[in-house]
Structures are given as C-alpha cells and as structure tokens.
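**Q** What follows is my_file_1.cif; its format and atoms are mmCIF, C-alpha atoms.
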data_entry
#
loop_
_atom_site.group_PDB
_atom_site.id
_atom_site.type_symbol
_atom_site.label_atom_id
_atom_site.label_comp_id
_atom_site.auth_asym_id
_atom_site.auth_seq_id
_atom_site.Cartn_x
_atom_site.Cartn_y
_atom_site.Cartn_z
ATOM 1 C CA MET T 1 0.000 0.000 0.000
ATOM 2 C CA SER T 2 1.486 3.342 -1.073
ATOM 3 C CA ASN T 3 1.562 6.463 0.994
ATOM 4 C CA PHE T 4 1.300 10.024 -0.326
ATOM 5 C CA CYS T 5 2.915 13.150 0.990
ATOM 6 C CA GLU T 6 0.395 15.416 2.615
ATOM 7 C CA GLN T 7 2.438 18.453 1.583
ATOM 8 C CA CYS T 8 3.133 17.890 -2.121
ATOM 9 C CA GLY T 9 1.185 14.725 -3.001
ATOM 10 C CA THR T 10 4.221 12.721 -4.145
ATOM 11 C CA SER T 11 3.873 8.937 -4.021
ATOM 12 C CA LEU T 12 6.050 7.516 -1.328
ATOM 13 C CA PRO T 13 7.289 4.020 -0.626
ATOM 14 C CA GLU T 14 5.535 2.053 2.069
ATOM 15 C CA ASN T 15 8.119 2.508 4.812
ATOM 16 C CA ALA T 16 9.151 6.104 3.965
ATOM 17 C CA ARG T 17 9.349 8.501 6.824
ATOM 18 C CA PHE T 18 10.073 11.714 4.913
ATOM 19 C CA CYS T 19 9.018 12.918 1.458
ATOM 20 C CA GLU T 20 11.880 12.735 -1.020
ATOM 21 C CA SER T 21 10.586 15.784 -2.887
ATOM 22 C CA CYS T 22 9.770 18.289 -0.132
ATOM 23 C CA GLY T 23 11.193 16.631 2.987
ATOM 24 C CA HIS T 24 7.814 16.692 4.822
ATOM 25 C CA ARG T 25 7.423 14.136 7.531
ATOM 26 C CA VAL T 26 5.188 11.347 6.496
ATOM 27 C CA ILE T 27 2.302 10.378 8.804
ATOM 28 C CA THR T 28 1.082 6.906 8.154
ATOM 29 C CA LEU T 29 -2.338 5.506 8.986
ATOM 30 C CA GLU T 30 -0.829 3.305 11.675
ATOM 31 C CA LYS T 31 0.618 6.325 13.490
ATOM 32 C CA VAL T 32 -2.686 8.131 13.317
ATOM 33 C CA GLU T 33 -4.381 5.137 14.820
ATOM 34 C CA GLU T 34 -1.681 4.995 17.501
ATOM 35 C CA ARG T 35 -2.132 8.691 18.351
ATOM 36 C CA SER T 36 -5.942 8.562 18.496
ATOM 37 C CA PRO T 37 -7.214 8.006 22.049
ATOM 38 C CA PRO T 38 -8.981 4.763 22.763
ATOM 39 C CA PRO T 39 -12.747 4.970 22.809
ATOM 40 C CA GLU T 40 -14.391 5.445 26.212
ATOM 41 C CA GLN T 41 -15.606 2.308 27.818
ATOM 42 C CA LYS T 42 -18.875 2.660 29.726
ATOM 43 C CA PRO T 43 -19.286 0.554 32.837
ATOM 44 C CA PRO T 44 -21.567 -2.384 32.293
ATOM 45 C CA ILE T 45 -25.167 -1.857 33.388
ATOM 46 C CA ARG T 46 -25.966 -4.173 36.215
ATOM 47 C CA PRO T 47 -29.462 -5.587 36.311
ATOM 48 C CA GLU T 48 -31.614 -4.304 39.245
ATOM 49 C CA SER T 49 -32.022 -6.859 41.997
ATOM 50 C CA PRO T 50 -35.589 -8.057 42.720
ATOM 51 C CA VAL T 51 -35.287 -6.959 46.381
ATOM 52 C CA THR T 52 -34.478 -3.337 45.415
ATOM 53 C CA SER T 53 -37.291 -3.300 42.909
ATOM 54 C CA ARG T 54 -39.760 -4.583 45.502
ATOM 55 C CA TRP T 55 -38.799 -1.906 48.085
ATOM 56 C CA ARG T 56 -39.037 0.783 45.418
ATOM 57 C CA LYS T 57 -42.604 -0.295 44.612
ATOM 58 C CA ILE T 58 -43.487 -0.322 48.324
ATOM 59 C CA LEU T 59 -42.059 3.200 48.734
ATOM 60 C CA VAL T 60 -44.049 4.488 45.767
ATOM 61 C CA LEU T 61 -47.243 2.901 47.098
ATOM 62 C CA GLY T 62 -46.621 4.333 50.602
ATOM 63 C CA VAL T 63 -46.094 7.865 49.286
ATOM 64 C CA GLY T 64 -49.229 7.570 47.179
ATOM 65 C CA LEU T 65 -51.237 6.369 50.182
ATOM 66 C CA VAL T 66 -50.020 9.296 52.308
ATOM 67 C CA PHE T 67 -51.074 11.815 49.662
ATOM 68 C CA LEU T 68 -54.453 10.077 49.373
ATOM 69 C CA LEU T 69 -55.051 10.309 53.141
ATOM 70 C CA ILE T 70 -54.068 13.998 53.140
ATOM 71 C CA ALA T 71 -56.498 14.675 50.292
ATOM 72 C CA VAL T 72 -59.322 12.864 52.107
ATOM 73 C CA ALA T 73 -58.613 14.824 55.317
ATOM 74 C CA VAL T 74 -58.636 18.162 53.478
ATOM 75 C CA ILE T 75 -61.926 17.321 51.750
ATOM 76 C CA SER T 76 -63.482 16.261 55.063
ATOM 77 C CA ILE T 77 -62.416 19.526 56.755
ATOM 78 C CA ILE T 78 -63.832 21.590 53.886
ATOM 79 C CA ARG T 79 -67.151 19.751 54.053
ATOM 80 C CA TRP T 80 -67.301 20.104 57.858
ATOM 81 C CA LYS T 81 -66.705 23.848 57.628
ATOM 82 C CA GLY T 82 -69.433 24.077 55.023
ATOM 83 C CA THR T 83 -71.945 22.367 57.301
ATOM 84 C CA GLN T 84 -70.963 24.688 60.173
ATOM 85 C CA GLU T 85 -71.569 27.760 58.030
ATOM 86 C CA THR T 86 -74.973 26.543 56.822
ATOM 87 C CA ARG T 87 -76.155 25.535 60.325
ATOM 88 C CA PRO T 88 -78.746 27.952 61.732
ATOM 89 C CA PRO T 89 -77.454 30.169 64.558
ATOM 90 C CA GLU T 90 -78.152 29.208 68.127
ATOM 91 C CA PRO T 91 -80.823 31.289 69.870
ATOM 92 C CA SER T 92 -79.385 34.119 71.903
ATOM 93 C CA PHE T 93 -81.707 33.615 74.850
ATOM 94 C CA VAL T 94 -81.209 30.962 77.536
ATOM 95 C CA HIS T 95 -84.100 28.830 78.621
ATOM 96 C CA PRO T 96 -84.822 29.282 82.327
ATOM 97 C CA LEU T 97 -84.147 26.300 84.512
ATOM 98 C CA PRO T 98 -87.219 24.440 85.713
ATOM 99 C CA PRO T 99 -88.165 25.152 89.324
ATOM 100 C CA SER T 100 -86.777 22.788 91.941
ATOM 101 C CA PRO T 101 -89.254 20.081 92.880
ATOM 102 C CA PRO T 102 -90.822 20.459 96.331
ATOM 103 C CA PRO T 103 -89.594 18.128 99.064
ATOM 104 C CA PRO T 104 -91.490 14.844 99.390
ATOM 105 C CA GLN T 105 -94.604 14.824 101.527
ATOM 106 C CA ALA T 106 -92.915 12.478 103.990
ATOM 107 C CA ALA T 107 -90.468 15.277 104.867
ATOM 108 C CA TRP T 108 -93.446 17.518 105.767
ATOM 109 C CA GLY T 109 -94.727 15.164 108.389
ATOM 110 C CA GLY T 110 -95.628 16.080 111.918
ATOM 111 C CA ARG T 111 -98.275 18.223 113.542
ATOM 112 C CA TRP T 112 -97.079 21.456 111.885
ATOM 113 C CA PRO T 113 -95.873 20.558 108.372
ATOM 114 C CA TRP T 114 -96.536 24.104 107.127
ATOM 115 C CA THR T 115 -93.600 25.411 109.186
ATOM 116 C CA SER T 116 -91.436 24.222 106.287
ATOM 117 C CA GLN T 117 -93.797 25.671 103.658
ATOM 118 C CA ARG T 118 -94.766 29.182 104.772
ATOM 119 C CA LEU T 119 -93.842 31.867 107.240
ATOM 120 C CA ILE T 120 -95.315 31.534 110.738
ATOM 121 C CA ARG T 121 -97.907 34.128 111.732
ATOM 122 C CA ASP T 122 -98.565 35.362 115.251
ATOM 123 C CA ASP T 123 -101.961 33.698 115.439
ATOM 124 C CA ASP T 124 -100.250 30.330 114.730
ATOM 125 C CA LEU T 125 -98.349 30.535 118.017
ATOM 126 C CA TRP T 126 -100.728 32.149 120.518
ATOM 127 C CA PRO T 127 -102.745 29.000 121.313
ATOM 128 C CA LEU T 128 -99.665 26.817 121.884
ATOM 129 C CA SER T 129 -98.049 25.955 125.211
ATOM 130 C CA ARG T 130 -94.330 26.076 125.902
ATOM 131 C CA TRP T 131 -94.041 22.299 125.316
ATOM 132 C CA GLU T 132 -95.918 22.542 122.025
ATOM 133 C CA LEU T 133 -93.729 25.426 120.928
ATOM 134 C CA GLU T 134 -90.662 23.321 121.745
ATOM 135 C CA LEU T 135 -92.067 20.431 119.728
ATOM 136 C CA MET T 136 -92.908 22.734 116.798
ATOM 137 C CA ARG T 137 -89.363 24.147 116.729
ATOM 138 C CA ASN T 138 -87.648 20.764 117.009
ATOM 139 C CA GLU T 139 -90.033 19.256 114.457
ATOM 140 C CA ILE T 140 -88.371 21.446 111.821
ATOM 141 C CA TYR T 141 -84.979 19.963 112.749
ATOM 142 C CA ALA T 142 -86.427 16.443 112.889
ATOM 143 C CA ARG T 143 -87.602 16.647 109.263
ATOM 144 C CA HIS T 144 -83.936 16.852 108.274
ATOM 145 C CA GLY T 145 -82.831 13.904 110.440
ATOM 146 C CA TRP T 146 -81.632 15.747 113.550
ATOM 147 C CA VAL T 147 -80.390 13.474 116.355
ATOM 148 C CA PHE T 148 -81.646 14.795 119.729
ATOM 149 C CA ASN T 149 -79.566 14.588 122.870
ATOM 150 C CA ARG T 150 -82.626 14.838 125.121
ATOM 151 C CA ARG T 151 -84.228 11.419 125.589
ATOM 152 C CA ASP T 152 -87.801 12.751 125.747
ATOM 153 C CA LEU T 153 -87.494 14.521 122.390
ATOM 154 C CA GLN T 154 -85.671 11.590 120.769
ATOM 155 C CA ASN T 155 -88.312 9.118 121.975
ATOM 156 C CA TYR T 156 -91.104 11.383 120.735
ATOM 157 C CA PHE T 157 -89.732 11.748 117.201
ATOM 158 C CA GLU T 158 -88.666 8.103 116.949
ATOM 159 C CA GLY T 159 -92.366 7.325 117.346
ATOM 160 C CA GLN T 160 -93.185 9.390 114.217
ATOM 161 C CA PRO T 161 -93.365 7.355 110.950
ATOM 162 C CA TRP T 162 -91.765 10.135 108.901
ATOM 163 C CA TYR T 163 -88.687 10.608 111.125
ATOM 164 C CA ARG T 164 -85.407 9.449 109.516
ATOM 165 C CA PRO T 165 -82.385 10.289 111.733
ATOM 166 C CA LYS T 166 -79.049 10.829 109.992
ATOM 167 C CA GLY T 167 -77.185 8.916 112.713
ATOM 168 C CA ASP T 168 -77.214 8.133 116.404
ATOM 169 C CA LEU T 169 -75.581 9.406 119.583
ATOM 170 C CA SER T 170 -72.173 8.037 118.519
ATOM 171 C CA ASN T 171 -71.978 10.405 115.532
ATOM 172 C CA ARG T 172 -74.565 12.938 116.666
ATOM 173 C CA GLU T 173 -72.430 16.048 116.035
ATOM 174 C CA GLN T 174 -71.623 15.099 112.438
ATOM 175 C CA ALA T 175 -75.216 14.039 111.723
ATOM 176 C CA ASN T 176 -76.574 17.312 113.117
ATOM 177 C CA ARG T 177 -74.137 19.370 111.032
ATOM 178 C CA TRP T 178 -75.559 17.678 107.927
ATOM 179 C CA ALA T 179 -79.116 18.248 109.125
ATOM 180 C CA GLU T 180 -78.525 21.915 109.917
ATOM 181 C CA ALA T 181 -76.947 22.493 106.497
ATOM 182 C CA GLU T 182 -80.214 21.349 104.892
ATOM 183 C CA LEU T 183 -82.355 23.946 106.664
ATOM 184 C CA THR T 184 -83.956 26.376 104.238
ATOM 185 C CA PRO T 185 -83.963 30.155 104.847
ATOM 186 C CA LEU T 186 -87.717 29.933 105.503
ATOM 187 C CA GLU T 187 -87.215 27.249 108.142
ATOM 188 C CA ARG T 188 -84.440 29.223 109.837
ATOM 189 C CA LYS T 189 -86.691 32.276 109.981
ATOM 190 C CA ASN T 190 -89.551 30.239 111.469
ATOM 191 C CA ILE T 191 -87.206 28.807 114.126
ATOM 192 C CA GLN T 192 -86.277 32.354 115.168
ATOM 193 C CA ILE T 193 -89.959 33.313 115.412
ATOM 194 C CA ILE T 194 -90.706 30.283 117.641
ATOM 195 C CA VAL T 195 -87.702 30.989 119.867
ATOM 196 C CA SER T 196 -88.884 34.597 120.327
ATOM 197 C CA ARG T 197 -92.313 33.326 121.385
ATOM 198 C CA GLU T 198 -90.753 30.818 123.809
ATOM 199 C CA LYS T 199 -88.708 33.577 125.440
ATOM 200 C CA ALA T 200 -91.785 35.717 125.776
ATOM 201 C CA LEU T 201 -93.602 32.933 127.658
ATOM 202 C CA LYS T 202 -90.706 32.463 130.095
ATOM 203 C CA ARG T 203 -90.915 36.032 131.349
#
Would you write out, as structure tokens, the structure that this file holds?
**A**
Amino acid sequence: MSNFCEQCGTSLPENARFCESCGHRVITLEKVEERSPPPEQKPPIRPESPVTSRWRKILVLGVGLVFLLIAVAVISIIRWKGTQETRPPEPSFVHPLPPSPPPPQAAWGGRWPWTSQRLIRDDDLWPLSRWELELMRNEIYARHGWVFNRRDLQNYFEGQPWYRPKGDLSNREQANRWAEAELTPLERKNIQIIVSREKALKR
C-alpha cells in the first residue's frame, strides 16, 4: 500500500518517513491510529435486583397512600366547615331552669308541716303551750334527720313514721351538722320566730 505526501502529493514508498521531494514528515495511517485516544468504555449496566425493585414499589405505594389520606382529610375539613356555616345560629336567649321540685310529703310530716312551707304568723303561736312550741321548733330539725340529745325529744320523734335520723348518739355532732346544712332560709326564719315566742312565755 502506497503512501502520499500530505504536503506535495508525491507517491512515497511504504516505509518512507520523509518525502523525497519536499522533505515533509510522512504520517502513516498506523501512526494516526496509535495517536488517536482509545474509545471510552462505559461501565456495564448491572441488572436491578428483585429486592431493590420490591422496596421501590413499596415506597411508591406508601407515598401515594399518604397523599391520598391527606387529600381525604382536606376534603373532610372543607365539608365540615361548610356544614358549620350553613347551620342555623343558636338562639341568643337561655331557657330558664325548671323550678326545683318540692320536698317529698314524707319530709313535711308532723303536727305542723306548714312550718317548712310558709312563714309563721302570730296567730299560729298564741294557742300553743311552751311544750308545744318546743315540739314545733324541734319538728323542723327532725324533718332533716336531727339526732336529739334529750331522751324525751328523741323518743317522741322516733315514734313518728316520717322521722329518719341521719345517725345516732355516737356520731350525733356530724349528723346534726348535715341536718342543719339542709335547713332552708324559711325554716331558719320560722325557728327564730318560735324561739322569740318561747322567750316571751318564760318572762
């Protein structure tokens, strides 16, 4: 195979290194191939392992599920706010509480049950003796379960079917504190009226 001078085009022998006509250095095809850099070699593509592929699918499904739950939550909040806005406003007034039920009739037992229902008048007390006044006053306490220290009063009220003591002599002070706390303002006022009448009779 003949070579040609790149400078003057003269035909050169196969192993010539310089042109005999112009003296130009001859560059053969072999030298060009030697000087050209080798082509880049790309690393071989490794096939993806089945384990990695499975975890990648799980990750994609998990992310998709999270976004789906967020979307459902946002839609639910929007709908809830819409129902709150369309709900009719609450009335501005407050319904009055129903009146407290009256105490049971058993608690109004005794000879003078009205002493726990109305205020005592003067004509209610004038006909009564000192003993009857004492019974009337203590009857108010007895309706609330008062435990009497005096045996005559305790025996009298224990004979009444409506009497329900809150204790006995062993815990009398505690039982009487509970009974006194249950006295209504009306009953306390009536007790004061009876005491005033009792003092007037002692003079």
**Q** Report, in Å with one decimal, the straight-line distance from atom CA of T:Lys199 to atom CA of T:Arg121.
**A**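 So the two atoms, atom CA of T:Lys199 and atom CA of T:Arg121, lie 16.5 Å apart.
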**Q** Just say which residues the PyMOL selection byres ((chain T and resi 195) around 12) picks in this file, as a list in words.
**A**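 Taken over the shown coordinates, the PyMOL selection byres ((chain T and resi 195) around 12) returns Ile120, Leu125, Arg130, Glu132, Leu133, Glu134, Leu135, Met136, Arg137, Asn138, Arg188, Lys189, Asn190, Ile191, Gln192, Ile193, Ile194, Ser196, Arg197, Glu198, Lys199, Ala200, Leu201 and Lys202 of chain T.
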**Q** Assuming the chain letters and numbering stay as they are in my file, what does the PyMOL selection byres ((chain T and resi 184) around 12) actually select? List them as a PyMOL selection string.
**A** chain T and resi 103+115-119+140-141+143-144+179-183+185-191
**Q** If I take atom CA of T:Ala175 and atom CA of T:Pro113, how far is one from the other in Å, to one decimal?
**A** 21.9 Å
**Q** Within 9 Å of stretch 153-169 of chain T, counting only C-alpha atoms, which residues show up once you throw out same-chain ones fewer than 5 positions away? Write them as a list of chain:residue names, please.
**A**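 Skipping anything fewer than 5 positions along the chain leaves T:Ala106, T:Ala107, T:Trp108, T:Gly109, T:Gly110, T:Leu135, T:Asn138, T:Glu139, T:Ala142, T:Arg143, T:His144, T:Gly145, T:Trp146, T:Val147, T:Phe148, T:Gln174, T:Ala175, T:Asn176, T:Trp178, T:Ala179.
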**Q** Just the selected residues (C-alpha atoms), exported as a PDB file, keeping the file's coordinate frame, please.
**A**
ATOM      1  CA  ALA T 106     -92.915  12.478 103.990  1.00  0.00           C
ATOM      2  CA  ALA T 107     -90.468  15.277 104.867  1.00  0.00           C
ATOM      3  CA  TRP T 108     -93.446  17.518 105.767  1.00  0.00           C
ATOM      4  CA  GLY T 109     -94.727  15.164 108.389  1.00  0.00           C
ATOM      5  CA  GLY T 110     -95.628  16.080 111.918  1.00  0.00           C
ATOM      6  CA  LEU T 135     -92.067  20.431 119.728  1.00  0.00           C
ATOM      7  CA  ASN T 138     -87.648  20.764 117.009  1.00  0.00           C
ATOM      8  CA  GLU T 139     -90.033  19.256 114.457  1.00  0.00           C
ATOM      9  CA  ALA T 142     -86.427  16.443 112.889  1.00  0.00           C
ATOM     10  CA  ARG T 143     -87.602  16.647 109.263  1.00  0.00           C
ATOM     11  CA  HIS T 144     -83.936  16.852 108.274  1.00  0.00           C
ATOM     12  CA  GLY T 145     -82.831  13.904 110.440  1.00  0.00           C
ATOM     13  CA  TRP T 146     -81.632  15.747 113.550  1.00  0.00           C
ATOM     14  CA  VAL T 147     -80.390  13.474 116.355  1.00  0.00           C
ATOM     15  CA  PHE T 148     -81.646  14.795 119.729  1.00  0.00           C
ATOM     16  CA  GLN T 174     -71.623  15.099 112.438  1.00  0.00           C
ATOM     17  CA  ALA T 175     -75.216  14.039 111.723  1.00  0.00           C
ATOM     18  CA  ASN T 176     -76.574  17.312 113.117  1.00  0.00           C
ATOM     19  CA  TRP T 178     -75.559  17.678 107.927  1.00  0.00           C
ATOM     20  CA  ALA T 179     -79.116  18.248 109.125  1.00  0.00           C
TER      21      ALA T 179
END
